[in-house]
Amino acid sequence: MVLILLAFFVVSCATGYLTKWLSTRVFYLFSLLPFGAFAYTLWQTPVVLSGGAATESIPWIPQLGIALSFRVDTLAWLLALVVTGIGGLVLVYCARYFSRDEPGLGRFAGLLLAFAGTMYGLVTADDILVMFMFWEITSVLSYLLIGHYVDRKESRGAALQALLVTTFGGLVMLVGVVMISVQAGTTSIASIVEQGLEGPMATVAILLLLVGALSKSAIVPFHFWLPAAMAAPTPVSAYLHAAAMVKAGIYLVARFAPGYAETPGWTPVLVGLGVWAMLVGAWRSLRQYDLKLVLAYGTVSQLGFLMVIVGFGGHDAGLAGAALLLAHAMYKAALFLIVGIIDHRAGTRDWRKLSGVGRQSKMLAAIALVAVASMAGIPPLLGFVAKEAVFTAFLEAGLAGDPWGWVALVGTALGSVLTVAYSARFFWGAFATLKGVPPTKLHSDGWGILIAPGILGVATIVLGFGAGSIVDPALRPYAETMPGPGDYHLALWHGFEPALGLSALVVALGLVMFWQKMRIARFQDALPSTMDASRGYWLSVRLVDRLAARTTIFAQRGGLPQYLGTILIVYVLALGVASGLNRTWPDSIRPWDYPEQVLIAVAIVVAAIMAGQARQRMSAVLLVGTTGFGMVALFALHGAPDLALTQALIEMVTLVVFVLVLRRLPTKIAQRNKPVKRILRASVGIAVGATMAVVAVIALGARQAESIGTEWPRLASEEAHGLNIVNAVLVDIRAWDTMGEISVLVVVATGIASLLFVTGRAGPIPRLSGSRQQRRGSNRRRVLVDPLAPGPEPSSSRMSWLLAGRTLAPDHRSILLEVLVRLLFHPAILVSVYFLFVGHNAPGGGFAGGLLAGLALVARYLAGGRYELAEAIPIDAGKILGVGIVLAAGAGVGSLFVGAEALTSAYFEADVFLLGHLSFGTSTIFDLGVYLVVVGLVLDILRSLGAEIDRQQEQADLSDESQDDFSESEAAR
């Protein structure tokens with residue numbers, strides 16, 4: 001089962017490439033995967049029929065008891081067959097439904113295949129947290145599939161609505177999942193159901209689970225998202241909204257019913273809301289003219305019917321619910337596919353514009369008749385068998401004294417009458433010849449598109465006749481897991497019994513309603529407008545939008561000072577109160593370790609105060625940098641050269657970034673708007689500093705156990721094979737932290753680039769003119785010939801130390817700086833590489849090495865401008881960032897292939913001639929990824945905050961010059 005899920009994932013990722021090659025034929029290829037899973041599930045039938053279960057488990061998070069465990073019992077077997085069988089047929093249908101020029105065809109195919117795999121994982125998962133993971137993935141995939149037509153507003157709105165509703169239910173359900181698994185002491189669904197937990201906590205947890213089930217299966221009051229989802233392509237409606245996703249909530253209720261059907265609140269919620277959904281959906285279906293909306297509201301009604309029976313509890317109800325689930329999946333999927341064919345051939349789904357479709361498409365009408373009759377409960381089809389079983393279960397429960405049995409019987413009988421009425425109305429509207437309506441011209445799309453609905457129609461007939469010999473033995477093991485006695489068995493003919501009479505009465509009343517359809521329509525129009533759940537949804541969305549806007553206006557209208565002030569005041573109040581309530585204070589406070597600390601601290605304090613009083617931006621930046629270099633001195637004096645080196649490099653890079661940002665701003669601070677509320681700002685700053693000092697004192701005195709840091713020297717030496725404790729911690733002992741940090745760096749680089757580049761940073765990198773051979777030849781000389789200098793021959797041009805030196809304006813150019821950069825750039829790169837490889841045993845590492853290499857690039861840019869930056873490293877920064885993160889992640893994932901945990905390092909030691917004993921670890925590869933990420937970050941900052949701003953400024957200057965020339969010419973004229 002794990003391999004099947006992996007195959008779904010891998011193949012769905014490759015759909016883009018395969019679709020370009022095979023076009024719509026790719027659906028035939030993809031259908032082999034769900035059909036293969038269908039065959040594998042059938043192969044497990046002997047185990048399932050014997051009442052057993054096929055299981056498979058792979059440990060995942062053993063500390064939490066979470067495993068990739070899968071279990072195929074009768075219920076999972078039934079849903080897996082539905083998901084894979086109908087999924088394969090829908091994919092075959094898609095090959096004839098979509099045209100070759102369908103936009104996003106590869107994306108759609110991949111998403112639909114991924115959804116099939118996700119549903120297979122959901123119904124077979126035995127771990128409740130893994131099941132919830134699949135549950136939420138179906139919501140995301142449903143959002144993407146419903147919104148397939150991205151250029152249509154209604155598709156995007158329907159997709160978002162479905163996502164919000166089902167995700168809301170999923171979040172509520174998650175709380176119940178955690179509560180029930182904690183109380184049960186296990187995450188195994190089979191074990192949780194077997195325990196049948198009781199008590200207030202269990203009741204609350206189960207009711208929270210039901211919220212998720214109700215929202216996913218579109219039960220009132222969450223039903224409104226399903227009709228809106230009809231904006232999706234028809235294959236999506238046929239699969240997700242008839243056979244797969246909407247069945248997830250039904251499956252969850254059926255899964256927990258054997259152990260929790262007696263839970264307080266279970267029956268009233270499921271029977272009450274289920275009956276309501278059945279009646280509301282069927283009543284709204286009678287008012288629709290769009291054939292797809294008729295089926296959509298009918299699906300809401302049928303899902304309510306299913307929710308009532310699978311949640312009712314008892315042997316007979318369990319057997320009837322499983323049979324109805326199977327019947328509904330087949331006839332409703334077939335009907336949606338038929339609507340898609342009609343829409344394709346006629347160009348409309350409005351039955352008021354259709355006439356004579358049945359005469360022109362007799363085979364299509366025959367298949368539709370079978371599916372509609374099964375939905376209405378007409379013998380000898382499976383729908384009739386299932387509905388008769390439902391009526392019998394409710395009738396026997398009511399006769400046994402259960403009042404909810406009578407509620408369920410009366411409610412579902414009335415709903416079934418409406419079902420017969422809208423079923424007849426659907427078939428008549430789709431295939432009848434209407435008076436006054438010209439015959440509809442149908443376009444031929446071949447008989448191949450009829451394969452999928454035809455197979456479902458034939459299966460409905462076969463399983464109806466084989467109800468006693470095929471369906472009953474297959475589904476009975478699930479019914480036997482339900483509490484209470486029961487001896488009912490599925491069969492096409494039980495003789496003359498009350499359920500048969502009730503079924504006949506339901507069909508007769510439904511046909512009468514259809515016969516009087518015009519009076520029913522007038523009666524519906526005369527009724528006052530009632531509360532609409534969809535209106536409630538949109539009202540809630542608007543209220544949230546207004547609340548968010550007003551909150552934003554109230555809390556974020558003062559600019560950056562107010563934002564920072566609010567954050568800092570909350571910080572002071574929260575930690576100040578916590579510090580005041582603290583009772584753990586150190587016995588003594590040591591002011592300093594050595595006198596130098598006092599001098600450094602005084603320098604930092606003075607620099608910070610002067611930075612707050614500075615009038616010019618550059619002065620403020622340099623003073624802030626002074627506080628950072630004060631930390632460098634503290635690290636160095638405390639015996640942490642690695643931290644001191646890294647801090648010094650960071651401060652230098654930070655200063656450069658500040659300079660790049662501030663160069664386009666006024667020289668003086670607050671030239672137009674003078675600072676206000678200076679006393680308040682100073683008070684906030686002093687309060688923050690004092691609070692932080694108190695917190696530091698409390699933290700230093702609160703330790704009761706020995707620090708784990710005392711073990712780091714041993715771990716660095718024995719486990720990480722390194723003498724530099726800091727680097728060993730970063731790339732080995734706590735490599736997960738470093739992985740997260742470099743991921744943040746990639747995000748930061750992307751964010752900075754997105755602010756400056758309009759069309760993307762992957763455009764051409766600006767290079768100097770001239771061939772590669774010319775530049776290569778020039779680079780061999782110590783003193784370079786400037787290729788941009790005037791003159792007929794290179795020998796007569798002015799000498800330049802950097803290729804791009806002459807691209808700068810004379811007043812911005814420094815020959816001394818060019819000479820220094822020319823001499824120091826390559827040694828700096830070599831030293832950075834040295835830092836990279838010696839960092840495990842000496843000060844350095846990938847982070848420090850990357851910073852030094854970045855500073856070397858900074859020097860090239862400052863000396864030669866944006867063209868010199870491109871000559872220094874003509875590679876897109878995004879590629880460097882990508883390679884870095886891939887190397888770091890690859891070093892972590894590689895250990896999984898040898899059975900170790902992620903980010904586990906391996907070391908290779910050997911005695912090398914002349915070099916002595918050498919040790920190389922995979923952590924070096926991880927550190928190389930860190931090195932590249934840092935270099936890519938600095939390069940991205942230089943290209944965005946530096947080179948791109950330069951380019952934009954040049955364009956602005958040229959535009960100003962052109963405008964001035966134009967003004968002068970106009971004046972002269």
# chains A, B, ... in the order shown; residues from 1 in each chain; ligands from 1
>>> closest_atom_pairs(of="range 232-293 of chain A", to="range 82-95 of chain A", cutoff="7 Å", atoms="only C-alpha atoms", output="tab-separated table")
residue	atom	partner	partner_atom	distance
A:Pro235	CA	A:Val90	CA	6.2
A:Tyr239	CA	A:Gly87	CA	6.6
A:Ala243	CA	A:Val83	CA	6.9
A:Ala244	CA	A:Val83	CA	5.8
>>> write_last_selection(atoms="C-alpha atoms", output="PDB file, in the first residue's frame")
ATOM      1  CA  PRO A 235     -14.965  14.896 -14.302  1.00  0.00           C
ATOM      2  CA  TYR A 239     -15.294  11.957  -8.960  1.00  0.00           C
ATOM      3  CA  ALA A 243     -17.764   9.155  -5.409  1.00  0.00           C
ATOM      4  CA  ALA A 244     -14.707  10.326  -3.502  1.00  0.00           C
TER       5      ALA A 244
END
>>> residues_around(residues="Leu319 in chain A", least_positions_apart="3", cutoff="7 Å", atoms="only C-alpha atoms", output="JSON list (two decimals) with C-alpha atoms, in the first residue's frame")
[["chain", "number", "residue", "atom", "x", "y", "z"],
["A", 315, "HIS", "CA", -26.20, -4.39, 12.43],
["A", 316, "ASP", "CA", -28.97, -3.83, 9.91],
["A", 322, "ALA", "CA", -22.60, 0.18, 3.19],
["A", 323, "ALA", "CA", -24.90, -0.95, 0.36],
["A", 475, "LEU", "CA", -20.45, -6.19, 3.19],
["A", 476, "ARG", "CA", -21.68, -8.40, 6.03],
["A", 479, "ALA", "CA", -22.23, -5.02, 9.68]]
>>> residues_around(residues="Val11 in chain A", least_positions_apart="6", cutoff="12 Å", atoms="only C-alpha atoms", output="VMD selection string")
chain A and resid 3 to 5 17 to 19 26 to 27 29 to 34 106 109 to 114 116 to 117
>>> write_last_selection(atoms="N, CA and C atoms", output="CSV table (one decimal), in the first residue's frame")
chain,number,residue,atom,x,y,z
A,3,LEU,N,3.8,1.5,-1.3
A,3,LEU,CA,4.3,1.6,-2.7
A,3,LEU,C,3.3,2.2,-3.6
A,4,ILE,N,2.0,1.8,-3.5
A,4,ILE,CA,1.0,2.3,-4.3
A,4,ILE,C,0.9,3.8,-4.1
A,5,LEU,N,0.9,4.3,-2.9
A,5,LEU,CA,0.8,5.7,-2.6
A,5,LEU,C,2.0,6.4,-3.2
A,17,TYR,N,5.4,16.6,-18.0
A,17,TYR,CA,6.2,16.1,-19.1
A,17,TYR,C,5.5,15.1,-20.0
A,18,LEU,N,4.8,14.2,-19.4
A,18,LEU,CA,4.1,13.2,-20.1
A,18,LEU,C,2.9,13.8,-21.0
A,19,THR,N,2.3,14.8,-20.4
A,19,THR,CA,1.2,15.4,-21.2
A,19,THR,C,1.6,16.1,-22.4
A,26,VAL,N,-2.7,10.8,-22.4
A,26,VAL,CA,-2.0,10.6,-21.1
A,26,VAL,C,-3.0,10.1,-20.0
A,27,PHE,N,-4.3,10.4,-20.2
A,27,PHE,CA,-5.3,9.9,-19.2
A,27,PHE,C,-5.4,8.4,-19.3
A,29,LEU,N,-3.0,6.3,-19.9
A,29,LEU,CA,-1.8,5.8,-19.2
A,29,LEU,C,-2.0,6.0,-17.7
A,30,PHE,N,-2.5,7.1,-17.3
A,30,PHE,CA,-2.6,7.3,-15.8
A,30,PHE,C,-3.7,6.4,-15.2
A,31,SER,N,-4.7,6.1,-16.0
A,31,SER,CA,-5.8,5.2,-15.5
A,31,SER,C,-5.3,3.8,-15.1
A,32,LEU,N,-4.1,3.4,-15.6
A,32,LEU,CA,-3.6,2.1,-15.3
A,32,LEU,C,-3.2,2.1,-13.8
A,33,LEU,N,-2.8,3.2,-13.2
A,33,LEU,CA,-2.4,3.2,-11.8
A,33,LEU,C,-3.6,3.0,-10.9
A,34,PRO,N,-4.7,3.7,-11.0
A,34,PRO,CA,-5.8,3.4,-10.1
A,34,PRO,C,-6.5,2.0,-10.4
A,106,GLY,N,-2.0,19.3,-18.3
A,106,GLY,CA,-1.1,18.5,-17.5
A,106,GLY,C,-1.3,18.7,-16.0
A,109,ALA,N,-4.4,16.8,-14.9
A,109,ALA,CA,-4.2,15.4,-14.9
A,109,ALA,C,-3.4,15.0,-13.6
A,110,GLY,N,-2.4,15.8,-13.3
A,110,GLY,CA,-1.6,15.5,-12.1
A,110,GLY,C,-2.4,15.6,-10.9
A,111,LEU,N,-3.2,16.7,-10.8
A,111,LEU,CA,-4.0,16.9,-9.6
A,111,LEU,C,-5.0,15.8,-9.4
A,112,LEU,N,-5.7,15.4,-10.5
A,112,LEU,CA,-6.7,14.4,-10.4
A,112,LEU,C,-6.1,13.1,-9.9
A,113,LEU,N,-5.0,12.7,-10.5
A,113,LEU,CA,-4.3,11.5,-10.1
A,113,LEU,C,-3.8,11.5,-8.7
A,114,ALA,N,-3.3,12.7,-8.3
A,114,ALA,CA,-2.9,12.8,-6.9
A,114,ALA,C,-4.0,12.7,-5.9
A,116,ALA,N,-6.7,10.9,-6.4
A,116,ALA,CA,-7.1,9.5,-6.3
A,116,ALA,C,-6.2,8.8,-5.3
A,117,GLY,N,-4.9,9.1,-5.4
A,117,GLY,CA,-4.0,8.5,-4.4
A,117,GLY,C,-4.2,8.9,-3.0
>>> residues_around(residues="Gly466 in chain A", least_positions_apart="3", cutoff="12 Å", atoms="only C-alpha atoms", output="PyMOL selection string")
chain A and resi 380-382+385+459-463+469-474+490-493
>>> write_last_selection(atoms="C-alpha atoms", output="compact mmCIF listing (two decimals), in the first residue's frame")
# COMPACT_ATOMS: atom_id res chain seq x y z
CA PRO A 380 -34.15 -4.57 -9.96
CA LEU A 381 -31.26 -2.15 -9.42
CA LEU A 382 -28.82 -1.87 -6.54
CA VAL A 385 -31.93 -3.05 -2.73
CA ALA A 459 -22.45 -2.73 -12.62
CA THR A 460 -25.58 -1.23 -11.07
CA ILE A 461 -27.72 -3.84 -12.81
CA VAL A 462 -25.40 -6.77 -12.10
CA LEU A 463 -25.01 -5.92 -8.41
CA SER A 469 -24.84 -13.60 -3.65
CA ILE A 470 -22.23 -10.89 -4.19
CA VAL A 471 -22.95 -7.71 -2.24
CA ASP A 472 -24.29 -9.21 1.00
CA PRO A 473 -21.35 -11.59 1.69
CA ALA A 474 -18.88 -8.80 0.90
CA LEU A 490 -29.40 -8.00 1.26
CA ALA A 491 -31.52 -9.46 -1.52
CA LEU A 492 -33.45 -8.27 -4.53
CA TRP A 493 -36.65 -9.95 -3.31
>>> residues_around(residues="Ile206 in chain A", least_positions_apart="5", cutoff="12 Å", atoms="only C-alpha atoms", output="MDAnalysis selection string")
chainID A and resid 172:181 183 192:193 196:201 211:213 252:253 255:257 259:267 269:270
>>> atom_distance(atom1="CA of Ala7 in chain A", atom2="CA of Arg71 in chain A")
18.4 Å
>>> residues_around(residues="Ser905 in chain A", least_positions_apart="2", cutoff="9 Å", atoms="only C-alpha atoms", output="MDAnalysis selection string")
chainID A and resid 719:720 731:732 891:892 895 902:903 907 921:923
>>> write_last_selection(atoms="C-alpha atoms", output="compact mmCIF listing (two decimals), in the first residue's frame")
# COMPACT_ATOMS: atom_id res chain seq x y z
CA GLU A 719 30.27 12.10 17.50
CA ALA A 720 31.01 14.98 15.12
CA VAL A 731 26.40 21.24 10.94
CA ASP A 732 25.98 18.08 12.98
CA ALA A 891 23.27 15.66 2.72
CA GLY A 892 20.42 15.27 5.20
CA SER A 895 21.36 9.23 5.41
CA ALA A 902 17.86 12.47 8.58
CA LEU A 903 20.97 14.70 8.79
CA TYR A 907 32.86 10.03 8.37
CA GLY A 921 32.49 13.87 6.90
CA THR A 922 29.28 14.33 5.00
CA SER A 923 28.71 17.34 7.24
>>> select_by_dssp(residues="range 491-674 of chain A", states="alpha helix (DSSP H)", output="ChimeraX atom specification")
/A:498-515,517-526,533-555,559-581,595-613,617-637,641-662
>>> closest_atom_pairs(of="range 168-278 of chain A", to="range 155-161 of chain A", cutoff="10 Å", atoms="only C-alpha atoms", output="JSON lines")
{"residue": "A:Phe224", "atom": "CA", "partner": "A:Gln161", "partner_atom": "CA", "distance": 9.1}
{"residue": "A:Trp225", "atom": "CA", "partner": "A:Gln161", "partner_atom": "CA", "distance": 6.2}
{"residue": "A:Leu226", "atom": "CA", "partner": "A:Ala158", "partner_atom": "CA", "distance": 8.7}
{"residue": "A:Pro227", "atom": "CA", "partner": "A:Ala158", "partner_atom": "CA", "distance": 8.9}
{"residue": "A:Ala228", "atom": "CA", "partner": "A:Ala158", "partner_atom": "CA", "distance": 5.4}
{"residue": "A:Ala229", "atom": "CA", "partner": "A:Ala158", "partner_atom": "CA", "distance": 5.3}
{"residue": "A:Met230", "atom": "CA", "partner": "A:Ala158", "partner_atom": "CA", "distance": 8.1}
{"residue": "A:Ala231", "atom": "CA", "partner": "A:Ser155", "partner_atom": "CA", "distance": 5.2}
{"residue": "A:Ala232", "atom": "CA", "partner": "A:Ser155", "partner_atom": "CA", "distance": 6.5}
{"residue": "A:Pro233", "atom": "CA", "partner": "A:Ser155", "partner_atom": "CA", "distance": 9.6}
>>> residues_around(residues="range 386-394 of chain A", least_positions_apart="4", cutoff="7 Å", atoms="only C-alpha atoms", output="PyMOL selection string")
chain A and resi 309+316-317+320+323-324+377+382+398+405-406+408-409+490+499-500+503
>>> write_last_selection(atoms="N, CA and C atoms", output="PDB file, in the first residue's frame")
ATOM      1  N   ILE A 309     -28.170   6.925   7.732  1.00  0.00           N
ATOM      2  CA  ILE A 309     -28.124   5.474   7.874  1.00  0.00           C
ATOM      3  C   ILE A 309     -26.793   4.983   8.427  1.00  0.00           C
ATOM      4  N   ASP A 316     -28.213  -3.999  11.143  1.00  0.00           N
ATOM      5  CA  ASP A 316     -28.968  -3.829   9.908  1.00  0.00           C
ATOM      6  C   ASP A 316     -28.683  -2.469   9.269  1.00  0.00           C
ATOM      7  N   ALA A 317     -28.558  -1.424  10.087  1.00  0.00           N
ATOM      8  CA  ALA A 317     -28.252  -0.099   9.555  1.00  0.00           C
ATOM      9  C   ALA A 317     -26.853  -0.063   8.945  1.00  0.00           C
ATOM     10  N   ALA A 320     -27.095  -1.796   5.552  1.00  0.00           N
ATOM     11  CA  ALA A 320     -27.817  -0.946   4.601  1.00  0.00           C
ATOM     12  C   ALA A 320     -26.985   0.267   4.204  1.00  0.00           C
ATOM     13  N   ALA A 323     -24.313  -0.696   1.679  1.00  0.00           N
ATOM     14  CA  ALA A 323     -24.904  -0.949   0.360  1.00  0.00           C
ATOM     15  C   ALA A 323     -25.311   0.353  -0.322  1.00  0.00           C
ATOM     16  N   LEU A 324     -25.903   1.278   0.444  1.00  0.00           N
ATOM     17  CA  LEU A 324     -26.316   2.548  -0.141  1.00  0.00           C
ATOM     18  C   LEU A 324     -25.105   3.367  -0.569  1.00  0.00           C
ATOM     19  N   GLY A 377     -34.674   4.342  -6.625  1.00  0.00           N
ATOM     20  CA  GLY A 377     -35.036   3.131  -5.890  1.00  0.00           C
ATOM     21  C   GLY A 377     -35.986   2.231  -6.638  1.00  0.00           C
ATOM     22  N   LEU A 382     -29.443  -1.860  -7.860  1.00  0.00           N
ATOM     23  CA  LEU A 382     -28.820  -1.867  -6.536  1.00  0.00           C
ATOM     24  C   LEU A 382     -29.375  -0.769  -5.649  1.00  0.00           C
ATOM     25  N   GLY A 398     -37.742   1.504  15.021  1.00  0.00           N
ATOM     26  CA  GLY A 398     -38.901   2.191  15.569  1.00  0.00           C
ATOM     27  C   GLY A 398     -39.840   1.247  16.287  1.00  0.00           C
ATOM     28  N   GLY A 405     -35.664   6.034  15.410  1.00  0.00           N
ATOM     29  CA  GLY A 405     -35.965   5.188  14.268  1.00  0.00           C
ATOM     30  C   GLY A 405     -37.140   5.717  13.476  1.00  0.00           C
ATOM     31  N   TRP A 406     -38.193   6.188  14.191  1.00  0.00           N
ATOM     32  CA  TRP A 406     -39.355   6.749  13.493  1.00  0.00           C
ATOM     33  C   TRP A 406     -39.003   8.086  12.826  1.00  0.00           C
ATOM     34  N   ALA A 408     -36.079   8.966  11.678  1.00  0.00           N
ATOM     35  CA  ALA A 408     -35.280   8.654  10.492  1.00  0.00           C
ATOM     36  C   ALA A 408     -36.157   8.064   9.387  1.00  0.00           C
ATOM     37  N   LEU A 409     -37.096   7.194   9.751  1.00  0.00           N
ATOM     38  CA  LEU A 409     -37.946   6.567   8.742  1.00  0.00           C
ATOM     39  C   LEU A 409     -38.825   7.589   8.045  1.00  0.00           C
ATOM     40  N   LEU A 490     -29.067  -8.677   2.499  1.00  0.00           N
ATOM     41  CA  LEU A 490     -29.402  -7.995   1.256  1.00  0.00           C
ATOM     42  C   LEU A 490     -29.902  -8.989   0.227  1.00  0.00           C
ATOM     43  N   ALA A 499     -41.390  -2.796   4.066  1.00  0.00           N
ATOM     44  CA  ALA A 499     -40.433  -1.952   3.349  1.00  0.00           C
ATOM     45  C   ALA A 499     -40.750  -1.890   1.861  1.00  0.00           C
ATOM     46  N   LEU A 500     -41.200  -3.013   1.297  1.00  0.00           N
ATOM     47  CA  LEU A 500     -41.554  -3.021  -0.120  1.00  0.00           C
ATOM     48  C   LEU A 500     -42.760  -2.124  -0.369  1.00  0.00           C
ATOM     49  N   SER A 503     -41.623   1.438  -0.181  1.00  0.00           N
ATOM     50  CA  SER A 503     -40.907   1.803  -1.400  1.00  0.00           C
ATOM     51  C   SER A 503     -41.869   2.082  -2.542  1.00  0.00           C
TER      52      SER A 503
END
